[in-house]
Amino acid sequence: MVRIALGQLNTTVGDLDGNVARMAEWATRATKAGADLVCFPELAITGYPPEDLVLRPEFVRDNLAALDRLARATAAGCEVIVGFVDRSDRGIHNASAWLRDGEVAARYHKIQLPNYGVFDERRYFVPGTATYRGEVAGESVAMSVCEDAWHEGLPFSEYEGVRAVANINGSPYHRQKTGERADVLRDRARETGAWIVYVNAVGGQDELIFDGGSMVVAPDGSIACRATTFDEDLLVVEIDAKGCRAEERPAWPTGPEEVYRALTLGTGDYVRKNGFREVVIGLSGGVDSALVATIATDALGPDAVHVLAMPSPYSSPESVEDAVDCARRLGVRIEEIEITDIFDAYRKTLSNAFAGTEEGLAEENIQARIRGNLLMAMSNKFGGLVLATGNKSEYAVGFSTLYGDMAGGFAPIKDVPKTLVYEVCAWRDAQTPDRPPIPDRVLSKPPSAELRPGQLDTDSLPPYQALDPIIEAYVEDDLGVDEIVARGHDADVVRRVVRMIDRAEYKRRQAAPGVKITPKAFGRDRRMPITNRYPGSGPSIGGAGGVP
């Protein structure tokens with residue numbers, strides 16, 4: 001029998017001392033709980049992903065020294081498996097260390113290096129070539145790291161007959177990712193006949209979310225034990241000939257709840273880990289800003305959220321009322337700053353330059369940029385981080401204003417399509433039915449930027465129910481126009497949407513980072529050229545693009 005603790009920890013990139021101190025504390029907890037071995041996530045010493053920090057020799061040296069400190073700090077307790085950056089005469093390695101009796105007893109170098117999506121590991125690391133199996137409490141335990149489990153062959157092809165394989169992970173979240181992981185681990189368990197001890201990181205790192213969901217998969221491929229998701233957890237499991245036992249954890253969330261918890265975790269960690277005490281949000285009375293304000297309040301507490309209502313001549317009284325109502329329900333500070341006088345000053349200043357033209361997109365975007373300036377002024381004066389409120393549908397087609405509603409340091413719902421925004425809002429309201437944070441009228445009124453009389457989003461865009469599937473097909477599935485049309489979409493609408501997506505690339509390149517919740521988010525997931533004349537797309541940079 002062997003007792004293994006799964007240390008599902010929220011580390012911080014670059015905080016070597018802090019990460020080591022917390023792992024030493026957790027190793028002590030695991031020892032007191034009777035564990036023979038505690039496993040921590042991939043690159044837990046450095047935090048994951050350290051990216052170009054590993055190109056600095058000093059950082060690699062400091063991480064190795066931190067590993068030695070962790071070994072000494074855990075000498076009197078249970079054994080430890082932990083991720084770190086190693087170096088050899090072949091180069092730098094994404095590695096796993098086995099700590100025993102105050103020393104690094106063994107090193108394992110990750111063999112399978114992912115180089116797709118958000119992963120750039122071949123930029124930094126050299127793959128390992130050797131497997132490793134050790135012994136703890138009289139049982140054989142093998143080592144592997146994350147991507148190693150997603151492929152047949154090494155290292156798992158040499159692990160047949162071991163009792164358990166420790167697979168330490170920094171596996172980023174996207175919707176339905178849990179099922180993909182379970183399928184992969186099922187294959188490796190059946191291949192080896194071993195228990196797969198899968199330990200994942202939890203927490204936010206820039207746009208990436210690590211959702212935890214650590215688990216133990218039985219040799220028959222079933223999930224025997226599991227940790228929580230979106231929270232730290234120390235799960236101690238007992239594995240013997242009869243099976244695997246551990247304290248029961250709640251069921252994993254799905255659907256809108258899963259998305260909301262990812263958004264809340266990512267927003268809270270981005271703000272806290274970057275040293276901000278509060279956030280500033282423009283609250284328009286629309287659904288997007290209401291959701292962002294709710295996420296921020298749940299993540300940080302109402303005292304850390306400051307919202308501005310900034311009505312223009314075209315803002316409806318109902319929208320201002322809805323913004324005030326939402327702020328009251330959330331218990332956050334709200335200030336109303338009328339922008340009409342500022343807008344009039346802009347128009348007067350530009351009157352000669354704009355003479356002989358009709359009011360249009362330029363005047364609409366001036367209003368958005370006034371609001372962006374006011375939000376940034378509050379940020380500069382009081383130190384709060386501005387949260388941008390745009391969603392994935394808007395960012396996709398350029399329905400956003402540079403230096404206006406795109407202004408900010410973080411964009412929580414940047415990867416959430418508009419139709420999903422409504423689903424997430426409905427779920428969150430249902431959690432507190434006696435005091436739902438988002439007013440019914442916000443959810444029921446047609447979406448509008450309110451930058452000209454009677455404006456609706458559908459004046460410029462297809463209905464979101466038609467738009468979002470096209471965006472998903474083009475951006476996430478990489479389908480061409482003909483393939484999207486074959487899915488049943490109108491050909492003219494598809495061509496129009498694709499042109500809008502391509503032309504807005506230069507805007508997205510300047511956007512704030514935001515929480516990744518889909519398989520392919522804008523940013524590090526999708527790296528398209530701005531200057532691009534591939535047939536069917538047209539030049540990306542042509543025209544100002546989009547409205548607010």
# chains A, B, ... in the order shown; residues from 1 in each chain; ligands from 1
>>> residues_around(residues="Ala512 in chain A", least_positions_apart="3", cutoff="10 Å", atoms="only C-alpha atoms", output="list in words")
Glu207, Leu387, Ala388, Met406, Ala407, Gly408, Gly409, Phe410, Ala411, Pro412, Lys414, Arg508, Arg509 and Gly523 of chain A
>>> closest_atom_pairs(of="range 193-269 of chain A", to="range 81-101 of chain A", cutoff="12 Å", atoms="only C-alpha atoms", output="Markdown table")
| residue | atom | partner | partner_atom | distance |
| --- | --- | --- | --- | --- |
| A:Val197 | CA | A:Ile81 | CA | 11.5 |
| A:Val199 | CA | A:Val82 | CA | 10.2 |
| A:Asn200 | CA | A:Gly83 | CA | 11.1 |
| A:Ala201 | CA | A:Gly83 | CA | 10.8 |
>>> write_last_selection(atoms="all heavy atoms", output="PDB file, in the first residue's frame")
ATOM      1  N   VAL A 197      -1.526   8.868 -11.450  1.00  0.00           N
ATOM      2  CA  VAL A 197      -1.733   9.925 -10.457  1.00  0.00           C
ATOM      3  C   VAL A 197      -1.483  11.254 -11.166  1.00  0.00           C
ATOM      4  O   VAL A 197      -0.337  11.675 -11.354  1.00  0.00           O
ATOM      5  CB  VAL A 197      -0.798   9.743  -9.249  1.00  0.00           C
ATOM      6  CG1 VAL A 197      -1.016  10.852  -8.233  1.00  0.00           C
ATOM      7  CG2 VAL A 197      -1.024   8.376  -8.610  1.00  0.00           C
ATOM      8  N   VAL A 199      -1.649  15.149 -11.385  1.00  0.00           N
ATOM      9  CA  VAL A 199      -1.669  16.334 -10.520  1.00  0.00           C
ATOM     10  C   VAL A 199      -1.586  17.567 -11.396  1.00  0.00           C
ATOM     11  O   VAL A 199      -0.620  17.737 -12.152  1.00  0.00           O
ATOM     12  CB  VAL A 199      -0.489  16.322  -9.528  1.00  0.00           C
ATOM     13  CG1 VAL A 199      -0.579  17.510  -8.583  1.00  0.00           C
ATOM     14  CG2 VAL A 199      -0.458  15.027  -8.752  1.00  0.00           C
ATOM     15  N   ASN A 200      -2.575  18.444 -11.292  1.00  0.00           N
ATOM     16  CA  ASN A 200      -2.601  19.643 -12.131  1.00  0.00           C
ATOM     17  C   ASN A 200      -2.469  20.898 -11.279  1.00  0.00           C
ATOM     18  O   ASN A 200      -2.865  20.921 -10.118  1.00  0.00           O
ATOM     19  CB  ASN A 200      -3.903  19.714 -12.926  1.00  0.00           C
ATOM     20  CG  ASN A 200      -3.833  20.722 -14.061  1.00  0.00           C
ATOM     21  OD1 ASN A 200      -2.754  21.077 -14.538  1.00  0.00           O
ATOM     22  ND2 ASN A 200      -4.993  21.188 -14.512  1.00  0.00           N
ATOM     23  N   ALA A 201      -1.926  21.930 -11.892  1.00  0.00           N
ATOM     24  CA  ALA A 201      -1.863  23.237 -11.248  1.00  0.00           C
ATOM     25  C   ALA A 201      -3.254  23.858 -11.208  1.00  0.00           C
ATOM     26  O   ALA A 201      -4.171  23.452 -11.921  1.00  0.00           O
ATOM     27  CB  ALA A 201      -0.897  24.142 -12.009  1.00  0.00           C
TER      28      ALA A 201
END
>>> residues_around(residues="Arg186 in chain A", least_positions_apart="3", cutoff="7 Å", atoms="only C-alpha atoms", output="ChimeraX atom specification")
/A:182-183,189-190,217,221-222
>>> residues_around(residues="Glu257 in chain A", least_positions_apart="5", cutoff="8 Å", atoms="only C-alpha atoms", output="ChimeraX atom specification")
/A:424,427-428
>>> select_by_dssp(residues="range 284-524 of chain A", states="strand (DSSP E)", output="PyMOL selection string")
chain A and resi 305-309+333-336+385-386
>>> atom_distance(atom1="CA of Thr340 in chain A", atom2="CA of Asn380 in chain A")
22.5 Å
>>> atom_distance(atom1="CA of Ala33 in chain A", atom2="CA of Ile4 in chain A")
10.0 Å
>>> select_by_dssp(residues="range 361-406 of chain A", states="alpha helix (DSSP H)", output="JSON, numbers by chain")
{"A": [361, 362, 363, 364, 365, 366, 367, 368, 369, 370, 371, 372, 373, 374, 375, 376, 377, 378, 379, 380, 381, 382, 392, 393, 394, 395, 396, 397]}
>>> residues_around(residues="Gly18 in chain A", least_positions_apart="4", cutoff="12 Å", atoms="only C-alpha atoms", output="list in words")
Leu9, Asn10, Thr11, Thr12, Val13, Gly14, Arg22, Met23, Ala24, Glu25, Ala44, Ile45, Thr46, Gly47, Asn63, Ala66, Arg69 and Leu70 of chain A
>>> residues_around(residues="range 236-239 of chain A", least_positions_apart="2", cutoff="6 Å", atoms="only C-alpha atoms", output="VMD selection string")
chain A and resid 1 to 5 243 to 246
>>> closest_atom_pairs(of="range 27-143 of chain A", to="range 152-163 of chain A", cutoff="7 Å", atoms="only C-alpha atoms", output="Markdown table")
| residue | atom | partner | partner_atom | distance |
| --- | --- | --- | --- | --- |
| A:Thr131 | CA | A:Pro155 | CA | 5.6 |
| A:Glu139 | CA | A:Arg163 | CA | 6.2 |
| A:Ser140 | CA | A:Val162 | CA | 5.3 |
| A:Val141 | CA | A:Arg163 | CA | 6.0 |
| A:Ala142 | CA | A:Tyr159 | CA | 6.9 |
>>> write_last_selection(atoms="N, CA and C atoms", output="PDB file, in the first residue's frame")
ATOM      1  N   THR A 131      13.584   7.251 -19.093  1.00  0.00           N
ATOM      2  CA  THR A 131      12.471   7.127 -18.158  1.00  0.00           C
ATOM      3  C   THR A 131      13.024   6.949 -16.745  1.00  0.00           C
ATOM      4  N   GLU A 139       6.370   0.232  -3.027  1.00  0.00           N
ATOM      5  CA  GLU A 139       5.656   0.192  -4.309  1.00  0.00           C
ATOM      6  C   GLU A 139       6.449   0.965  -5.367  1.00  0.00           C
ATOM      7  N   SER A 140       6.391   0.499  -6.615  1.00  0.00           N
ATOM      8  CA  SER A 140       7.089   1.173  -7.706  1.00  0.00           C
ATOM      9  C   SER A 140       6.239   2.329  -8.225  1.00  0.00           C
ATOM     10  N   VAL A 141       6.869   3.492  -8.353  1.00  0.00           N
ATOM     11  CA  VAL A 141       6.206   4.698  -8.853  1.00  0.00           C
ATOM     12  C   VAL A 141       7.095   5.304  -9.942  1.00  0.00           C
ATOM     13  N   ALA A 142       6.519   5.564 -11.094  1.00  0.00           N
ATOM     14  CA  ALA A 142       7.268   6.133 -12.217  1.00  0.00           C
ATOM     15  C   ALA A 142       6.958   7.616 -12.357  1.00  0.00           C
TER      16      ALA A 142
END
>>> closest_residue(among="A:Arg496, A:Arg333, A:Arg249, A:Arg533", to="Ile281 in chain A", atoms="only C-alpha atoms")
A:Arg333
>>> closest_residue(among="A:Pro469, A:Gly34, A:Pro317, A:Gly179", to="Ile223 in chain A", atoms="only C-alpha atoms")
A:Gly179
>>> residues_around(residues="Asp325 in chain A", least_positions_apart="6", cutoff="12 Å", atoms="only C-alpha atoms", output="list in words")
Leu283, Ser284, Gly285, Gly286, Ala290, Ala309, Glu318, Ser319, Gly331, Val332, Arg333, Ile334, Arg435, Pro436, Pro437, Ile438, Pro439, Asp440, Arg441 and Val442 of chain A
>>> closest_residue(among="A:Tyr116, A:Leu64, A:Pro172, A:Ser315", to="Gly454 in chain A", atoms="only C-alpha atoms")
A:Ser315
>>> closest_residue(among="A:Val184, A:Ala27, A:Ala76, A:Val118", to="Arg527 in chain A", atoms="only C-alpha atoms")
A:Val118
>>> atom_distance(atom1="CA of Ser312 in chain A", atom2="CA of Ile339 in chain A")
5.3 Å
>>> closest_atom_pairs(of="range 474-536 of chain A", to="range 390-397 of chain A", cutoff="7 Å", atoms="only C-alpha atoms", output="Markdown table")
| residue | atom | partner | partner_atom | distance |
| --- | --- | --- | --- | --- |
| A:Val497 | CA | A:Val397 | CA | 6.8 |
| A:Met500 | CA | A:Val397 | CA | 4.8 |
| A:Ile501 | CA | A:Val397 | CA | 4.5 |
| A:Ala504 | CA | A:Val397 | CA | 6.2 |
| A:Arg508 | CA | A:Tyr395 | CA | 6.6 |
>>> write_last_selection(atoms="all heavy atoms", output="JSON list (two decimals), in the first residue's frame")
[["chain", "number", "residue", "atom", "x", "y", "z"],
["A", 497, "VAL", "N", -18.58, 38.37, -42.55],
["A", 497, "VAL", "CA", -18.02, 38.18, -41.22],
["A", 497, "VAL", "C", -16.53, 37.86, -41.30],
["A", 497, "VAL", "O", -15.72, 38.38, -40.53],
["A", 497, "VAL", "CB", -18.78, 37.07, -40.47],
["A", 497, "VAL", "CG1", -18.06, 36.67, -39.18],
["A", 497, "VAL", "CG2", -20.22, 37.52, -40.17],
["A", 500, "MET", "N", -14.58, 40.95, -41.86],
["A", 500, "MET", "CA", -14.52, 41.76, -40.64],
["A", 500, "MET", "C", -13.49, 41.19, -39.66],
["A", 500, "MET", "O", -12.72, 41.94, -39.03],
["A", 500, "MET", "CB", -15.91, 41.82, -39.98],
["A", 500, "MET", "CG", -16.95, 42.55, -40.79],
["A", 500, "MET", "SD", -18.61, 42.41, -40.09],
["A", 500, "MET", "CE", -18.51, 43.61, -38.78],
["A", 501, "ILE", "N", -13.46, 39.88, -39.53],
["A", 501, "ILE", "CA", -12.50, 39.26, -38.62],
["A", 501, "ILE", "C", -11.07, 39.55, -39.07],
["A", 501, "ILE", "O", -10.21, 39.94, -38.28],
["A", 501, "ILE", "CB", -12.74, 37.74, -38.53],
["A", 501, "ILE", "CG1", -14.10, 37.45, -37.86],
["A", 501, "ILE", "CG2", -11.62, 37.06, -37.75],
["A", 501, "ILE", "CD1", -14.52, 35.99, -37.90],
["A", 504, "ALA", "N", -9.84, 43.19, -38.57],
["A", 504, "ALA", "CA", -9.71, 43.64, -37.18],
["A", 504, "ALA", "C", -8.47, 43.09, -36.49],
["A", 504, "ALA", "O", -8.28, 43.31, -35.29],
["A", 504, "ALA", "CB", -10.96, 43.25, -36.39],
["A", 508, "ARG", "N", -6.90, 43.68, -32.48],
["A", 508, "ARG", "CA", -6.72, 42.64, -31.46],
["A", 508, "ARG", "C", -5.28, 42.57, -30.98],
["A", 508, "ARG", "O", -5.02, 42.23, -29.81],
["A", 508, "ARG", "CB", -7.17, 41.29, -32.01],
["A", 508, "ARG", "CG", -8.68, 41.19, -32.18],
["A", 508, "ARG", "CD", -9.08, 39.76, -32.50],
["A", 508, "ARG", "NE", -8.59, 39.34, -33.80],
["A", 508, "ARG", "CZ", -9.24, 39.49, -34.95],
["A", 508, "ARG", "NH1", -10.42, 40.08, -34.97],
["A", 508, "ARG", "NH2", -8.73, 39.06, -36.09]]
